[in-house]
Amino acid sequence: MKQFLDIEDLPDIGKTIQEAIALKKDPFAYETLGKHKTIGLLFFNSSLRTRLSTQKAAQNLGMQTMVMNFSNEGWTLEFEDGSVMDGGSAEHIKEAAAVLSQYVDIIALRAFPTLQDREKDYQETVLKSFQKYASVPVVNMESATAHPLQALADAITIAELQTKEKPKVVLSWAPHPKALPHSVPNSFAKMMQKIDVDFIITHPEGYELAPEIVGNAKIMHDQDEALKDADFVYVKNWSSYNDYGKILSTDKSWTITNEKMALTNQGKFMHCLPVRRNMIVADEVLDSEQSVVIAQANNRTYAAQIVLKKILENKES
Ligand code: AN0
Ligand code: CP
């Protein structure tokens, strides 16, 4: 594998999930693969899980890690070609990516959307510019529109916990006080359409995801109806796509409570974390046996590890 910008870069998702589960059982099996190799983790935004699980994954493969918070420690980067740099940007991505490529063997990057300019965000300028000007593989640690490492960890979690061949998986919007990216629901929705599940998305009107993401997924605006007999309930807030970046509702009747979970088939509650308690989900659910969020976060290590392993091996599959 040459890069991991989105889940399409994975050669075979079903096989990758099984390989990740095998790595989890024997995490040091490839501890010399990354010897004398370094990964640089660049953060334009906050992170707990991605930052630490990706470092852990790299270390399990014998790699060295370098972490840099670009938002407050790096020079402000310019991404526009041919621009006269008389504003706030101190360094062009052309030099920054070329220089970084001499220090590290893989560049991993987190850069959230502006949530102001849909076209710009969906062009993935930051991620694609790093890919264009770096001479080493680039890994997406959540970009403007995608969080593929999260989606892979989610698919691993479902594979481990499913008790029937084709489980019912519901992606539900829930309220949140701040405007959030589409990256997590986008990647989760894409992933669910690539594995063998019965997938439904439920959200209030106005919260439609991008048409290319929704694909053939079933949409319901009645959350209770959608939750009926669900085996997995994946909950996440996102801001509006059509009224780009706007909060159209904070309707608490969409918060996941025990009453909502009672509609499911003893469903598992999933969330990528960080989660706002009693906004997205009630304490009673998050603290119950039905919640699998901690196991889900653990799988972030093995999702990152299988991705880094495939990049280090640089094979076609
Ligand atoms: C981010 C988001 O919604 O994309 C990161 C989630 C992994 N969440 C927040 O900013 C709270
Ligand atoms: N789920 C996730 O990506 O968490 P962090 O934002 O803490 O990395």
# chains A, B, ... in the order shown; residues from 1 in each chain; ligands from 1
>>> closest_atom_pairs(of="chain A", to="ligand 2", cutoff="8 Å", atoms="only C-alpha atoms and all ligand atoms", output="JSON lines")
{"residue": "A:Ser46", "atom": "CA", "partner": "ligand 2", "partner_atom_place_in_ligand_line": "6 (O)", "distance": 6.3}
{"residue": "A:Ser47", "atom": "CA", "partner": "ligand 2", "partner_atom_place_in_ligand_line": "8 (O)", "distance": 3.8}
{"residue": "A:Leu48", "atom": "CA", "partner": "ligand 2", "partner_atom_place_in_ligand_line": "7 (O)", "distance": 3.4}
{"residue": "A:Arg49", "atom": "CA", "partner": "ligand 2", "partner_atom_place_in_ligand_line": "8 (O)", "distance": 3.9}
{"residue": "A:Thr50", "atom": "CA", "partner": "ligand 2", "partner_atom_place_in_ligand_line": "8 (O)", "distance": 3.6}
{"residue": "A:Arg51", "atom": "CA", "partner": "ligand 2", "partner_atom_place_in_ligand_line": "8 (O)", "distance": 5.8}
{"residue": "A:Leu52", "atom": "CA", "partner": "ligand 2", "partner_atom_place_in_ligand_line": "8 (O)", "distance": 7.9}
{"residue": "A:Met141", "atom": "CA", "partner": "ligand 2", "partner_atom_place_in_ligand_line": "3 (O)", "distance": 7.4}
{"residue": "A:Glu142", "atom": "CA", "partner": "ligand 2", "partner_atom_place_in_ligand_line": "3 (O)", "distance": 7.0}
{"residue": "A:His147", "atom": "CA", "partner": "ligand 2", "partner_atom_place_in_ligand_line": "3 (O)", "distance": 7.5}
{"residue": "A:Gln150", "atom": "CA", "partner": "ligand 2", "partner_atom_place_in_ligand_line": "1 (N)", "distance": 6.2}
{"residue": "A:Cys272", "atom": "CA", "partner": "ligand 2", "partner_atom_place_in_ligand_line": "1 (N)", "distance": 4.4}
{"residue": "A:Leu273", "atom": "CA", "partner": "ligand 2", "partner_atom_place_in_ligand_line": "1 (N)", "distance": 4.8}
{"residue": "A:Pro274", "atom": "CA", "partner": "ligand 2", "partner_atom_place_in_ligand_line": "4 (O)", "distance": 5.9}
{"residue": "A:Ala297", "atom": "CA", "partner": "ligand 2", "partner_atom_place_in_ligand_line": "1 (N)", "distance": 7.0}
>>> residues_near_ligand(ligand="ligand 1", cutoff="7 Å", atoms="only C-alpha atoms and all ligand atoms", output="VMD selection string")
chain A and resid 180 to 184 237 to 238 272 to 275
>>> write_last_selection(atoms="N, CA, C and O atoms", output="mmCIF file, in the first residue's frame")
data_model
loop_
_atom_site.group_PDB
_atom_site.id
_atom_site.type_symbol
_atom_site.label_atom_id
_atom_site.label_comp_id
_atom_site.auth_asym_id
_atom_site.auth_seq_id
_atom_site.Cartn_x
_atom_site.Cartn_y
_atom_site.Cartn_z
ATOM 1 N N LEU A 180 -19.602 20.377 14.224
ATOM 2 C CA LEU A 180 -18.569 19.347 14.073
ATOM 3 C C LEU A 180 -18.444 18.909 12.614
ATOM 4 O O LEU A 180 -19.380 19.013 11.820
ATOM 5 N N PRO A 181 -17.263 18.379 12.254
ATOM 6 C CA PRO A 181 -17.016 17.903 10.887
ATOM 7 C C PRO A 181 -17.913 16.729 10.481
ATOM 8 O O PRO A 181 -18.560 16.103 11.318
ATOM 9 N N HIS A 182 -17.862 16.394 9.180
ATOM 10 C CA HIS A 182 -18.578 15.222 8.647
ATOM 11 C C HIS A 182 -17.663 14.001 8.559
ATOM 12 O O HIS A 182 -18.095 12.936 8.123
ATOM 13 N N SER A 183 -16.405 14.204 8.913
ATOM 14 C CA SER A 183 -15.385 13.174 8.659
ATOM 15 C C SER A 183 -15.759 11.800 9.223
ATOM 16 O O SER A 183 -15.650 10.794 8.513
ATOM 17 N N VAL A 184 -16.174 11.766 10.487
ATOM 18 C CA VAL A 184 -16.473 10.465 11.108
ATOM 19 C C VAL A 184 -17.704 9.817 10.462
ATOM 20 O O VAL A 184 -17.621 8.670 10.007
ATOM 21 N N ASN A 237 -22.563 13.353 16.294
ATOM 22 C CA ASN A 237 -23.085 14.621 15.804
ATOM 23 C C ASN A 237 -22.317 15.026 14.554
ATOM 24 O O ASN A 237 -21.135 14.724 14.402
ATOM 25 N N TRP A 238 -22.991 15.722 13.652
ATOM 26 C CA TRP A 238 -22.304 16.419 12.557
ATOM 27 C C TRP A 238 -23.100 17.674 12.237
ATOM 28 O O TRP A 238 -24.297 17.762 12.534
ATOM 29 N N CYS A 272 -17.115 7.300 18.442
ATOM 30 C CA CYS A 272 -15.666 7.390 18.209
ATOM 31 C C CYS A 272 -14.912 8.012 19.372
ATOM 32 O O CYS A 272 -13.706 7.826 19.499
ATOM 33 N N LEU A 273 -15.614 8.757 20.226
ATOM 34 C CA LEU A 273 -15.033 9.558 21.316
ATOM 35 C C LEU A 273 -14.158 10.683 20.728
ATOM 36 O O LEU A 273 -13.578 10.480 19.682
ATOM 37 N N PRO A 274 -14.020 11.826 21.339
ATOM 38 C CA PRO A 274 -14.585 12.198 22.627
ATOM 39 C C PRO A 274 -16.091 12.426 22.535
ATOM 40 O O PRO A 274 -16.571 12.914 21.516
ATOM 41 N N VAL A 275 -16.802 12.071 23.612
ATOM 42 C CA VAL A 275 -18.257 12.196 23.600
ATOM 43 C C VAL A 275 -18.733 13.113 24.721
ATOM 44 O O VAL A 275 -18.182 13.085 25.829
#
>>> closest_residue(among="A:Asp283, A:Arg277, A:Lys168, A:Thr255", to="A:Leu227", atoms="only C-alpha atoms")
A:Lys168
>>> closest_residue(among="A:Lys310, A:Arg110, A:Lys25, A:Arg300", to="A:Asn45", atoms="only C-alpha atoms")
A:Arg110
>>> closest_atom_pairs(of="stretch 193-217 of chain A", to="stretch 4-9 of chain A", cutoff="12 Å", atoms="only C-alpha atoms", output="tab-separated table")
residue	atom	partner	partner_atom	distance
A:Gln193	CA	A:Ile7	CA	11.4
A:Lys194	CA	A:Ile7	CA	9.6
A:Ile195	CA	A:Ile7	CA	12.0
>>> write_last_selection(atoms="C-alpha atoms", output="PDB file, in the first residue's frame")
ATOM      1  CA  GLN A 193     -21.478   0.092   2.526  1.00  0.00           C
ATOM      2  CA  LYS A 194     -18.352  -1.991   1.943  1.00  0.00           C
ATOM      3  CA  ILE A 195     -19.022  -4.693   4.546  1.00  0.00           C
TER       4      ILE A 195
END
>>> atom_distance(atom1="atom CA of A:Thr65", atom2="atom CA of A:Phe130")
18.4 Å
